[in-house]
Amino acid sequence: MVVTRFPPSPTGHLHLGGARTALFNYLFARHQGGKFILRFEDTDKERSKEEYVESIISALEWLGLKWDEGPYFQSKRFSLYQEYAQRLYEEGKAYYCECSKELLEARKKELQERGLKTRYDGTCRDKNLSPAPGRALRIKIPEISEIIFDDLLRGKIVFPPDEVDDFIILRSDGSPTYQFAVVVDDITMGITHVIRGDDHISNTPKQLVIYRALGVDPPLFAHIPMVLGPDGNRLSKRHGARSILEYKEEGYLPQAIINYLARLGWGYGDQEYFTMEELIEKFDLQKVNLAPARFDPEKLLAFNGYWIRTIPTEELLPHLKPFLTNYPFQKYSEDYLIKILESIKPRVKTLKEMAEMMDFYFFEELSYEKELLEKYIPPKIKEVLKRLFQDLNIFNFEDEKSLELQFRELAEKEGIKLRDLAQALRIALTGKPISPPLFEVMKCLGRERVKARIERVIKLREEVE
RNA sequence: GCCCCCAUCGUCUAGUGGACUAGGAUACUGGCCUCUCACGCCAGAGACACGGGUUCGAAUCCCGUUGGGGGCGCCA
């Protein structure tokens, strides 16, 4: 059975790059009917934080990337790593090293200055040191030969013989380093496919050395291209390195983020829009592009707009509710909310915008900008509004079609353009020059609320004069 | 500096030797629809990085150049 994993280190929030790696692992596992594991790589005690564990978990849950096992924590598995390390030590495949950090640092600096490779010089390699506090355990790289592996996406990748040095697998405090913990975990968790960013390509030879020393066949590797910022540089805080949860707060739909992320570096013919179900069905690692992909916030926004107007309104409503907390929306029925959402859906790109556009449905006393009143309600139109006021009692508010007809007739009778009348009414009813279709708005508000707003706006308009 | 990966419109991509006058999406421009704004529809502009090969024939295969990305920790 296929087993994949997503191994974030809880030293930051889940960002777009990490989310995409998680997504690809998830999709691959689901497509193959396999298992997807969540594992926190928190061997760095200094930088790992519980709050990041929580935020990563809630981001994954929000995106709908459900894991089948875990979360595991490397910090709780130290005895396992020590066990494996002990084995390597006893078999002579690893040795203890007493070189101090300062000494190593100095040697490295010197090598750099001379333009040479910064590798460990093997000072302690043959000292036969026994374990002792303050000593780190290094793996003993066997005889020099090149290291080759078959990447699922790129084919053979070859590293020259002297690329890997005797690196540390157990720190002097006994904790495992990343390279070692990953391998032990992937072995013990039965990982079959390692799908990760291509920034890990150069780590792979080190890990292969560990697999070999442990006498275990390595999993299959697929290195997917990284996600770059819009400027082609590494993802930074300004754009995509923001937490996924920030996108949630700004009014993005998980469907949109998943869809966008899937299309970043992967394609399925000319199809652009995919539900999670379709992705699971159609995802194929072989179709992943090899070139790094730039994150384009505008396209993500466009996808968000698409999914807002595409998913059923009943499904949209729960996503929107958190953005309505400043409105007394509890007073209104679910049916009413769904009705007004329908008309706003095609006009917005985020849930936040949606909430902003809906405000007039919830408040009776709108505030009107003086400029808008003057621009859209000139004296002539104001008089029309006054005369219209009586008609409102007999107009049929049952459906927008008949409302429209009634107002068309009225405009004709008054000798003004429907357009001008409509804009004045729009200001009166919504407080804005841009809104959902006017007659839909009227129908939703109902006769009494429409009357009250027109009456009030006439009064305010006269105060301005 | 050394090592590794990569290269189609601004961006994301389709394309796996002939179906390419290089398709779609997004963004942009013009038009249609229209009570505003959107949505939708139609149209336009916009790319095979460069140079050598291989081949009857290259966006597609090979080599080089250039460009971009990544790695070289007792970080992950």
# chains A, B, ... in the order shown; residues from 1 in each chain; ligands from 1
$ interface_residues --of "chain A" --to "chain B" --cutoff "6 Å" --atoms "only C-alpha atoms (C1' of nucleotides)" --output "list in words"
Gly115, Arg171, Asp199, Ser202, Gly269, Asp270, Ala291, Lys299, Pro346, Arg347, Arg419, Ala422 and Ile434 of chain A
$ write_last_selection --atoms "N, CA and C atoms" --output "PDB file, in the first residue's frame"
ATOM      1  N   GLY A 115      38.354  28.765  -0.685  1.00  0.00           N
ATOM      2  CA  GLY A 115      37.552  28.338  -1.824  1.00  0.00           C
ATOM      3  C   GLY A 115      37.401  26.843  -1.934  1.00  0.00           C
ATOM      4  N   ARG A 171      23.071  14.810  17.965  1.00  0.00           N
ATOM      5  CA  ARG A 171      23.762  15.978  18.513  1.00  0.00           C
ATOM      6  C   ARG A 171      24.410  15.617  19.843  1.00  0.00           C
ATOM      7  N   ASP A 199      13.918  21.544  -2.900  1.00  0.00           N
ATOM      8  CA  ASP A 199      15.019  22.019  -2.076  1.00  0.00           C
ATOM      9  C   ASP A 199      15.607  20.870  -1.268  1.00  0.00           C
ATOM     10  N   SER A 202      19.190  17.998  -2.609  1.00  0.00           N
ATOM     11  CA  SER A 202      20.571  17.855  -2.137  1.00  0.00           C
ATOM     12  C   SER A 202      20.680  17.209  -0.757  1.00  0.00           C
ATOM     13  N   GLY A 269      -4.780  18.650 -19.018  1.00  0.00           N
ATOM     14  CA  GLY A 269      -5.315  19.191 -20.263  1.00  0.00           C
ATOM     15  C   GLY A 269      -5.622  20.665 -20.103  1.00  0.00           C
ATOM     16  N   ASP A 270      -6.778  21.064 -20.618  1.00  0.00           N
ATOM     17  CA  ASP A 270      -7.157  22.466 -20.543  1.00  0.00           C
ATOM     18  C   ASP A 270      -8.052  22.788 -19.358  1.00  0.00           C
ATOM     19  N   ALA A 291       9.555  22.921 -13.485  1.00  0.00           N
ATOM     20  CA  ALA A 291      10.054  24.278 -13.245  1.00  0.00           C
ATOM     21  C   ALA A 291       9.354  24.891 -12.042  1.00  0.00           C
ATOM     22  N   LYS A 299      -4.576  35.537  -9.718  1.00  0.00           N
ATOM     23  CA  LYS A 299      -5.257  34.349 -10.214  1.00  0.00           C
ATOM     24  C   LYS A 299      -5.949  33.612  -9.075  1.00  0.00           C
ATOM     25  N   PRO A 346     -22.214  36.790  -7.652  1.00  0.00           N
ATOM     26  CA  PRO A 346     -21.400  37.023  -8.858  1.00  0.00           C
ATOM     27  C   PRO A 346     -20.602  38.316  -8.838  1.00  0.00           C
ATOM     28  N   ARG A 347     -20.770  39.124  -7.802  1.00  0.00           N
ATOM     29  CA  ARG A 347     -20.126  40.449  -7.819  1.00  0.00           C
ATOM     30  C   ARG A 347     -18.909  40.582  -6.936  1.00  0.00           C
ATOM     31  N   ARG A 419     -32.530  54.758 -15.985  1.00  0.00           N
ATOM     32  CA  ARG A 419     -31.181  54.735 -15.445  1.00  0.00           C
ATOM     33  C   ARG A 419     -30.999  55.775 -14.335  1.00  0.00           C
ATOM     34  N   ALA A 422     -33.133  54.886 -11.363  1.00  0.00           N
ATOM     35  CA  ALA A 422     -32.583  53.708 -10.702  1.00  0.00           C
ATOM     36  C   ALA A 422     -31.385  54.066  -9.819  1.00  0.00           C
ATOM     37  N   ILE A 434     -23.185  51.405  -6.346  1.00  0.00           N
ATOM     38  CA  ILE A 434     -23.016  50.061  -6.914  1.00  0.00           C
ATOM     39  C   ILE A 434     -23.724  49.079  -5.986  1.00  0.00           C
TER      40      ILE A 434
END
$ residues_around --residues "A43 (chain B)" --least-positions-apart "2" --cutoff "12 Å" --atoms "only C-alpha atoms (C1' of nucleotides)" --output "ChimeraX atom specification"
/B:29-32,41,45
$ write_last_selection --atoms "all heavy atoms" --output "CSV table (one decimal), in the first residue's frame"
chain,number,residue,atom,x,y,z
B,29,U,P,-7.8,47.4,-19.1
B,29,U,OP1,-7.8,48.7,-18.6
B,29,U,OP2,-8.8,46.4,-18.6
B,29,U,O5',-7.9,47.4,-20.7
B,29,U,C5',-6.9,48.2,-21.4
B,29,U,C4',-7.2,48.0,-22.9
B,29,U,O4',-6.8,46.6,-23.3
B,29,U,C3',-8.6,48.1,-23.3
B,29,U,O3',-9.0,49.4,-23.5
B,29,U,C2',-8.6,47.3,-24.7
B,29,U,O2',-8.1,48.1,-25.7
B,29,U,C1',-7.7,46.2,-24.3
B,29,U,N1,-8.4,45.0,-23.8
B,29,U,C2,-9.0,44.1,-24.8
B,29,U,O2,-8.9,44.3,-26.0
B,29,U,N3,-9.7,43.0,-24.2
B,29,U,C4,-9.8,42.7,-22.9
B,29,U,O4,-10.5,41.7,-22.6
B,29,U,C5,-9.2,43.7,-22.0
B,29,U,C6,-8.6,44.7,-22.5
B,30,G,P,-10.6,49.8,-23.4
B,30,G,OP1,-10.7,51.3,-23.5
B,30,G,OP2,-11.1,49.1,-22.2
B,30,G,O5',-11.3,49.2,-24.6
B,30,G,C5',-11.1,49.8,-25.9
B,30,G,C4',-11.8,49.0,-27.0
B,30,G,O4',-11.2,47.6,-27.0
B,30,G,C3',-13.3,48.7,-26.8
B,30,G,O3',-14.1,49.8,-27.1
B,30,G,C2',-13.5,47.5,-27.7
B,30,G,O2',-13.6,47.8,-29.0
B,30,G,C1',-12.2,46.7,-27.4
B,30,G,N9,-12.5,45.7,-26.3
B,30,G,C8,-12.1,45.8,-25.0
B,30,G,N7,-12.5,44.7,-24.3
B,30,G,C5,-13.1,43.9,-25.2
B,30,G,C6,-13.8,42.7,-25.1
B,30,G,O6,-13.9,42.0,-24.0
B,30,G,N1,-14.3,42.2,-26.3
B,30,G,C2,-14.3,42.9,-27.5
B,30,G,N2,-14.9,42.3,-28.5
B,30,G,N3,-13.7,44.1,-27.6
B,30,G,C4,-13.1,44.5,-26.5
B,31,G,P,-15.5,50.0,-26.4
B,31,G,OP1,-16.1,51.3,-26.9
B,31,G,OP2,-15.3,49.8,-25.0
B,31,G,O5',-16.4,48.8,-27.0
B,31,G,C5',-16.9,48.8,-28.3
B,31,G,C4',-17.5,47.5,-28.7
B,31,G,O4',-16.6,46.4,-28.3
B,31,G,C3',-18.8,47.1,-27.9
B,31,G,O3',-19.9,47.8,-28.5
B,31,G,C2',-18.8,45.6,-28.2
B,31,G,O2',-19.3,45.3,-29.5
B,31,G,C1',-17.4,45.2,-28.0
B,31,G,N9,-17.1,44.8,-26.7
B,31,G,C8,-16.3,45.4,-25.7
B,31,G,N7,-16.3,44.6,-24.6
B,31,G,C5,-17.0,43.5,-24.9
B,31,G,C6,-17.3,42.4,-24.1
B,31,G,O6,-16.9,42.1,-22.9
B,31,G,N1,-18.1,41.4,-24.8
B,31,G,C2,-18.5,41.6,-26.1
B,31,G,N2,-19.2,40.6,-26.6
B,31,G,N3,-18.2,42.6,-26.8
B,31,G,C4,-17.5,43.5,-26.2
B,32,C,P,-21.2,48.1,-27.6
B,32,C,OP1,-22.1,48.9,-28.3
B,32,C,OP2,-20.7,48.5,-26.2
B,32,C,O5',-21.8,46.6,-27.4
B,32,C,C5',-22.3,45.9,-28.6
B,32,C,C4',-22.8,44.6,-28.2
B,32,C,O4',-21.7,43.8,-27.7
B,32,C,C3',-23.8,44.5,-27.1
B,32,C,O3',-25.1,44.7,-27.6
B,32,C,C2',-23.7,43.1,-26.6
B,32,C,O2',-24.3,42.2,-27.4
B,32,C,C1',-22.2,42.9,-26.7
B,32,C,N1,-21.5,43.2,-25.4
B,32,C,C2,-21.6,42.2,-24.4
B,32,C,O2,-22.2,41.2,-24.6
B,32,C,N3,-20.9,42.4,-23.2
B,32,C,C4,-20.2,43.5,-23.0
B,32,C,N4,-19.6,43.6,-21.9
B,32,C,C5,-20.1,44.5,-24.0
B,32,C,C6,-20.7,44.3,-25.2
B,41,C,P,-18.6,32.6,-20.7
B,41,C,OP1,-18.5,31.2,-21.0
B,41,C,OP2,-17.5,33.4,-20.2
B,41,C,O5',-19.1,33.3,-22.1
B,41,C,C5',-20.3,32.8,-22.8
B,41,C,C4',-20.6,33.7,-23.9
B,41,C,O4',-21.0,35.0,-23.4
B,41,C,C3',-19.5,34.1,-24.8
B,41,C,O3',-19.2,33.1,-25.8
B,41,C,C2',-19.9,35.4,-25.5
B,41,C,O2',-20.9,35.1,-26.5
B,41,C,C1',-20.6,36.1,-24.3
B,41,C,N1,-19.7,37.0,-23.6
B,41,C,C2,-19.5,38.3,-24.1
B,41,C,O2,-20.2,38.6,-25.1
B,41,C,N3,-18.7,39.1,-23.5
B,41,C,C4,-18.0,38.7,-22.4
B,41,C,N4,-17.2,39.6,-21.8
B,41,C,C5,-18.2,37.4,-21.8
B,41,C,C6,-19.1,36.6,-22.4
B,45,A,P,-4.5,39.8,-32.8
B,45,A,OP1,-3.9,40.0,-34.1
B,45,A,OP2,-4.9,38.5,-32.4
B,45,A,O5',-3.5,40.4,-31.7
B,45,A,C5',-3.0,41.7,-31.9
B,45,A,C4',-2.4,42.2,-30.6
B,45,A,O4',-3.4,42.3,-29.6
B,45,A,C3',-1.3,41.3,-30.0
B,45,A,O3',-0.1,41.5,-30.6
B,45,A,C2',-1.4,41.6,-28.5
B,45,A,O2',-0.7,42.8,-28.3
B,45,A,C1',-2.9,41.9,-28.3
B,45,A,N9,-3.6,40.7,-27.9
B,45,A,C8,-4.2,39.7,-28.6
B,45,A,N7,-4.8,38.7,-27.9
B,45,A,C5,-4.4,39.0,-26.6
B,45,A,C6,-4.7,38.4,-25.4
B,45,A,N6,-5.4,37.3,-25.3
B,45,A,N1,-4.2,39.0,-24.3
B,45,A,C2,-3.5,40.1,-24.4
B,45,A,N3,-3.2,40.8,-25.5
B,45,A,C4,-3.7,40.2,-26.6
$ residues_around --residues "region 330-339 of chain A" --least-positions-apart "3" --cutoff "9 Å" --atoms "only C-alpha atoms (C1' of nucleotides)" --output "list in words"
Thr313, Glu314, Leu316, Leu317, Tyr327, Glu342, Ser343, Phe362 and Cys444 of chain A
$ write_last_selection --atoms "all heavy atoms" --output "PDB file, in the first residue's frame"
ATOM      1  N   THR A 313     -25.341  27.950  -2.716  1.00  0.00           N
ATOM      2  CA  THR A 313     -25.410  29.016  -1.722  1.00  0.00           C
ATOM      3  C   THR A 313     -25.537  28.479  -0.305  1.00  0.00           C
ATOM      4  O   THR A 313     -24.989  29.053   0.633  1.00  0.00           O
ATOM      5  CB  THR A 313     -26.597  29.931  -2.052  1.00  0.00           C
ATOM      6  OG1 THR A 313     -26.508  30.289  -3.433  1.00  0.00           O
ATOM      7  CG2 THR A 313     -26.539  31.208  -1.239  1.00  0.00           C
ATOM      8  N   GLU A 314     -26.218  27.364  -0.141  1.00  0.00           N
ATOM      9  CA  GLU A 314     -26.356  26.783   1.201  1.00  0.00           C
ATOM     10  C   GLU A 314     -24.976  26.399   1.746  1.00  0.00           C
ATOM     11  O   GLU A 314     -24.735  26.424   2.939  1.00  0.00           O
ATOM     12  CB  GLU A 314     -27.228  25.520   1.184  1.00  0.00           C
ATOM     13  CG  GLU A 314     -28.624  25.710   0.617  1.00  0.00           C
ATOM     14  CD  GLU A 314     -28.631  25.746  -0.894  1.00  0.00           C
ATOM     15  OE1 GLU A 314     -28.168  24.782  -1.515  1.00  0.00           O
ATOM     16  OE2 GLU A 314     -29.067  26.775  -1.466  1.00  0.00           O
ATOM     17  N   LEU A 316     -22.221  27.925   0.826  1.00  0.00           N
ATOM     18  CA  LEU A 316     -21.445  29.156   0.975  1.00  0.00           C
ATOM     19  C   LEU A 316     -21.722  29.837   2.310  1.00  0.00           C
ATOM     20  O   LEU A 316     -20.820  30.376   2.956  1.00  0.00           O
ATOM     21  CB  LEU A 316     -21.804  30.094  -0.180  1.00  0.00           C
ATOM     22  CG  LEU A 316     -21.005  31.379  -0.335  1.00  0.00           C
ATOM     23  CD1 LEU A 316     -19.546  31.073  -0.620  1.00  0.00           C
ATOM     24  CD2 LEU A 316     -21.603  32.224  -1.465  1.00  0.00           C
ATOM     25  N   LEU A 317     -22.977  29.791   2.708  1.00  0.00           N
ATOM     26  CA  LEU A 317     -23.410  30.529   3.890  1.00  0.00           C
ATOM     27  C   LEU A 317     -22.571  30.282   5.150  1.00  0.00           C
ATOM     28  O   LEU A 317     -22.138  31.243   5.792  1.00  0.00           O
ATOM     29  CB  LEU A 317     -24.898  30.252   4.141  1.00  0.00           C
ATOM     30  CG  LEU A 317     -25.565  31.077   5.246  1.00  0.00           C
ATOM     31  CD1 LEU A 317     -25.383  32.567   5.001  1.00  0.00           C
ATOM     32  CD2 LEU A 317     -27.042  30.727   5.354  1.00  0.00           C
ATOM     33  N   TYR A 327     -22.946  42.314  11.973  1.00  0.00           N
ATOM     34  CA  TYR A 327     -24.312  42.572  11.545  1.00  0.00           C
ATOM     35  C   TYR A 327     -25.277  41.783  12.426  1.00  0.00           C
ATOM     36  O   TYR A 327     -24.951  40.695  12.885  1.00  0.00           O
ATOM     37  CB  TYR A 327     -24.523  42.118  10.093  1.00  0.00           C
ATOM     38  CG  TYR A 327     -23.612  42.751   9.080  1.00  0.00           C
ATOM     39  CD1 TYR A 327     -23.329  42.102   7.882  1.00  0.00           C
ATOM     40  CD2 TYR A 327     -23.044  44.004   9.303  1.00  0.00           C
ATOM     41  CE1 TYR A 327     -22.499  42.678   6.934  1.00  0.00           C
ATOM     42  CE2 TYR A 327     -22.212  44.589   8.363  1.00  0.00           C
ATOM     43  CZ  TYR A 327     -21.934  43.920   7.172  1.00  0.00           C
ATOM     44  OH  TYR A 327     -21.126  44.485   6.248  1.00  0.00           O
ATOM     45  N   GLU A 342     -27.576  35.180  -3.154  1.00  0.00           N
ATOM     46  CA  GLU A 342     -27.685  34.854  -4.576  1.00  0.00           C
ATOM     47  C   GLU A 342     -27.341  36.058  -5.451  1.00  0.00           C
ATOM     48  O   GLU A 342     -26.688  35.932  -6.470  1.00  0.00           O
ATOM     49  CB  GLU A 342     -29.119  34.408  -4.912  1.00  0.00           C
ATOM     50  CG  GLU A 342     -29.552  33.094  -4.304  1.00  0.00           C
ATOM     51  CD  GLU A 342     -28.914  31.886  -4.982  1.00  0.00           C
ATOM     52  OE1 GLU A 342     -28.284  32.058  -6.050  1.00  0.00           O
ATOM     53  OE2 GLU A 342     -29.042  30.779  -4.419  1.00  0.00           O
ATOM     54  N   SER A 343     -27.811  37.227  -5.017  1.00  0.00           N
ATOM     55  CA  SER A 343     -27.621  38.393  -5.877  1.00  0.00           C
ATOM     56  C   SER A 343     -26.234  39.001  -5.717  1.00  0.00           C
ATOM     57  O   SER A 343     -25.785  39.765  -6.559  1.00  0.00           O
ATOM     58  CB  SER A 343     -28.701  39.437  -5.584  1.00  0.00           C
ATOM     59  OG  SER A 343     -28.578  39.913  -4.264  1.00  0.00           O
ATOM     60  N   PHE A 362     -28.895  44.758   6.420  1.00  0.00           N
ATOM     61  CA  PHE A 362     -29.010  44.532   7.862  1.00  0.00           C
ATOM     62  C   PHE A 362     -29.278  45.788   8.674  1.00  0.00           C
ATOM     63  O   PHE A 362     -29.712  45.710   9.801  1.00  0.00           O
ATOM     64  CB  PHE A 362     -27.741  43.858   8.381  1.00  0.00           C
ATOM     65  CG  PHE A 362     -27.491  42.533   7.740  1.00  0.00           C
ATOM     66  CD1 PHE A 362     -26.507  42.378   6.777  1.00  0.00           C
ATOM     67  CD2 PHE A 362     -28.276  41.444   8.089  1.00  0.00           C
ATOM     68  CE1 PHE A 362     -26.293  41.142   6.181  1.00  0.00           C
ATOM     69  CE2 PHE A 362     -28.071  40.209   7.485  1.00  0.00           C
ATOM     70  CZ  PHE A 362     -27.076  40.055   6.539  1.00  0.00           C
ATOM     71  N   CYS A 444     -36.297  42.014  -1.868  1.00  0.00           N
ATOM     72  CA  CYS A 444     -35.762  41.459  -0.623  1.00  0.00           C
ATOM     73  C   CYS A 444     -36.098  42.352   0.566  1.00  0.00           C
ATOM     74  O   CYS A 444     -36.453  41.876   1.641  1.00  0.00           O
ATOM     75  CB  CYS A 444     -34.250  41.302  -0.713  1.00  0.00           C
ATOM     76  SG  CYS A 444     -33.746  39.899  -1.707  1.00  0.00           S
TER      77      CYS A 444
END
$ select_by_dssp --residues "region 25-258 of chain A" --states "strand (DSSP E or B)" --output "MDAnalysis selection string"
chainID A and resid 35:40 69:73 94:97 136:139 147:151 155:159 168:170 176 193:197 220:224 227:228 234
$ write_last_selection --atoms "N, CA and C atoms" --output "CSV table (one decimal), in the first residue's frame"
chain,number,residue,atom,x,y,z
A,35,LYS,N,-2.4,5.7,2.3
A,35,LYS,CA,-2.5,6.3,3.6
A,35,LYS,C,-1.6,7.6,3.6
A,36,PHE,N,-2.2,8.6,4.3
A,36,PHE,CA,-1.5,9.9,4.4
A,36,PHE,C,-1.2,10.2,5.9
A,37,ILE,N,0.0,10.4,6.2
A,37,ILE,CA,0.4,10.6,7.6
A,37,ILE,C,0.9,12.0,7.9
A,38,LEU,N,0.5,12.5,9.1
A,38,LEU,CA,1.0,13.8,9.5
A,38,LEU,C,2.0,13.6,10.6
A,39,ARG,N,3.1,14.3,10.4
A,39,ARG,CA,4.2,14.1,11.4
A,39,ARG,C,4.9,15.5,11.7
A,40,PHE,N,5.0,15.9,12.9
A,40,PHE,CA,5.7,17.1,13.2
A,40,PHE,C,7.2,16.9,13.5
A,69,GLU,N,-3.2,9.1,9.8
A,69,GLU,CA,-2.4,8.6,11.0
A,69,GLU,C,-1.7,9.8,11.5
A,70,GLY,N,-1.5,9.8,12.8
A,70,GLY,CA,-0.8,11.0,13.4
A,70,GLY,C,-1.7,12.0,14.0
A,71,PRO,N,-1.3,13.1,14.4
A,71,PRO,CA,0.1,13.6,14.2
A,71,PRO,C,1.1,12.9,15.1
A,72,TYR,N,2.2,12.5,14.5
A,72,TYR,CA,3.3,12.1,15.3
A,72,TYR,C,4.2,13.2,15.6
A,73,PHE,N,5.0,13.1,16.7
A,73,PHE,CA,5.9,14.1,17.1
A,73,PHE,C,7.3,13.5,17.3
A,94,ALA,N,29.1,4.4,12.5
A,94,ALA,CA,29.1,5.8,13.0
A,94,ALA,C,30.1,5.9,14.2
A,95,TYR,N,30.5,7.1,14.4
A,95,TYR,CA,31.5,7.3,15.5
A,95,TYR,C,31.3,8.6,16.2
A,96,TYR,N,31.8,8.6,17.4
A,96,TYR,CA,31.6,9.8,18.2
A,96,TYR,C,32.7,10.8,17.9
A,97,CYS,N,32.3,12.1,18.1
A,97,CYS,CA,33.2,13.2,17.7
A,97,CYS,C,33.2,14.2,18.8
A,136,ALA,N,29.1,14.3,19.8
A,136,ALA,CA,28.1,14.1,18.8
A,136,ALA,C,28.4,12.8,18.0
A,137,LEU,N,27.4,12.2,17.5
A,137,LEU,CA,27.6,11.0,16.7
A,137,LEU,C,27.6,11.3,15.2
A,138,ARG,N,28.6,10.9,14.5
A,138,ARG,CA,28.7,11.2,13.1
A,138,ARG,C,28.6,9.9,12.3
A,139,ILE,N,28.0,9.9,11.2
A,139,ILE,CA,27.9,8.7,10.4
A,139,ILE,C,29.2,8.6,9.6
A,147,ILE,N,26.8,8.9,-5.7
A,147,ILE,CA,25.5,8.5,-5.1
A,147,ILE,C,24.5,8.8,-6.2
A,148,ILE,N,23.7,7.7,-6.5
A,148,ILE,CA,22.7,7.9,-7.6
A,148,ILE,C,21.3,7.5,-7.0
A,149,PHE,N,20.3,8.3,-7.4
A,149,PHE,CA,19.0,7.8,-7.1
A,149,PHE,C,18.1,8.2,-8.3
A,150,ASP,N,16.9,7.5,-8.3
A,150,ASP,CA,16.0,7.7,-9.4
A,150,ASP,C,14.8,8.5,-8.8
A,151,ASP,N,14.8,9.8,-9.3
A,151,ASP,CA,13.7,10.6,-8.9
A,151,ASP,C,12.5,10.3,-9.8
A,155,GLY,N,14.0,11.4,-13.1
A,155,GLY,CA,14.9,10.4,-13.6
A,155,GLY,C,16.1,10.3,-12.7
A,156,LYS,N,17.2,9.8,-13.3
A,156,LYS,CA,18.4,9.7,-12.5
A,156,LYS,C,19.1,11.0,-12.1
A,157,ILE,N,19.4,11.1,-10.8
A,157,ILE,CA,20.2,12.2,-10.3
A,157,ILE,C,21.5,11.7,-9.7
A,158,VAL,N,22.6,12.2,-10.2
A,158,VAL,CA,23.9,11.7,-9.8
A,158,VAL,C,24.7,12.8,-9.0
A,159,PHE,N,25.2,12.3,-7.8
A,159,PHE,CA,26.0,13.2,-7.1
A,159,PHE,C,27.5,12.7,-7.1
A,168,ILE,N,26.7,14.8,11.1
A,168,ILE,CA,26.2,14.5,12.5
A,168,ILE,C,24.8,13.9,12.4
A,169,ILE,N,24.6,12.8,13.1
A,169,ILE,CA,23.2,12.2,13.1
A,169,ILE,C,22.6,12.3,14.6
A,170,LEU,N,23.5,12.4,15.6
A,170,LEU,CA,23.0,12.6,16.9
A,170,LEU,C,23.8,13.8,17.5
A,176,PRO,N,18.4,13.7,17.9
A,176,PRO,CA,18.7,13.4,16.5
A,176,PRO,C,18.7,14.7,15.6
A,193,HIS,N,6.4,6.6,-0.5
A,193,HIS,CA,6.7,7.7,-1.4
A,193,HIS,C,7.0,9.0,-0.7
A,194,VAL,N,8.1,9.5,-0.9
A,194,VAL,CA,8.5,10.8,-0.3
A,194,VAL,C,8.3,11.9,-1.3
A,195,ILE,N,7.2,12.7,-1.2
A,195,ILE,CA,7.0,13.8,-2.1
A,195,ILE,C,7.3,15.0,-1.3
A,196,ARG,N,8.3,15.8,-1.8
A,196,ARG,CA,8.7,17.0,-1.1
A,196,ARG,C,9.2,18.0,-2.0
A,197,GLY,N,9.5,19.2,-1.5
A,197,GLY,CA,10.0,20.3,-2.4
A,197,GLY,C,11.4,19.9,-2.9
A,220,LEU,N,10.5,5.6,-2.5
A,220,LEU,CA,10.7,6.3,-3.8
A,220,LEU,C,10.6,7.8,-3.5
A,221,PHE,N,11.4,8.6,-4.3
A,221,PHE,CA,11.4,10.0,-4.1
A,221,PHE,C,10.8,10.8,-5.3
A,222,ALA,N,10.0,11.8,-5.0
A,222,ALA,CA,9.5,12.7,-6.0
A,222,ALA,C,9.7,14.1,-5.5
A,223,HIS,N,10.6,14.8,-6.2
A,223,HIS,CA,10.8,16.2,-5.8
A,223,HIS,C,10.1,17.1,-6.6
A,224,ILE,N,9.1,17.8,-6.0
A,224,ILE,CA,8.3,18.7,-6.7
A,224,ILE,C,8.9,20.1,-6.7
A,227,VAL,N,7.4,26.7,-4.8
A,227,VAL,CA,6.6,27.8,-5.1
A,227,VAL,C,7.4,29.1,-4.8
A,228,LEU,N,7.4,29.9,-5.9
A,228,LEU,CA,8.2,31.2,-5.7
A,228,LEU,C,7.2,32.4,-5.6
A,234,ARG,N,12.3,33.8,-3.5
A,234,ARG,CA,11.7,32.9,-2.5
A,234,ARG,C,10.4,33.5,-1.9
$ residues_around --residues "Gln32 (chain A)" --least-positions-apart "5" --cutoff "12 Å" --atoms "only C-alpha atoms (C1' of nucleotides)" --output "number ranges by chain"
A: 1-4, 25-27, 192-193, 280-285
$ residues_around --residues "Ala213 (chain A)" --least-positions-apart "4" --cutoff "8 Å" --atoms "only C-alpha atoms (C1' of nucleotides)" --output "count of residues only"
3
$ residues_around --residues "Glu249 (chain A)" --least-positions-apart "4" --cutoff "12 Å" --atoms "only C-alpha atoms (C1' of nucleotides)" --output "PyMOL selection string"
chain A and resi 59+62+242-245+253-254+319-323+350-353
$ atom_distance --atom1 "CA of Phe389 (chain A)" --atom2 "CA of Tyr376 (chain A)"
17.7 Å
$ select_by_dssp --residues "region 180-256 of chain A" --states "helix (DSSP H, G or I)" --output "PyMOL selection string"
chain A and resi 180-188+198-214+244-249+254-256
$ residues_around --residues "Glu440 (chain A)" --least-positions-apart "3" --cutoff "10 Å" --atoms "only C-alpha atoms (C1' of nucleotides)" --output "ChimeraX atom specification"
/A:339-340,343,397,399-401,403-404,436-437,443-446
$ atom_distance --atom1 "CA of Glu98 (chain A)" --atom2 "CA of His200 (chain A)"
28.4 Å
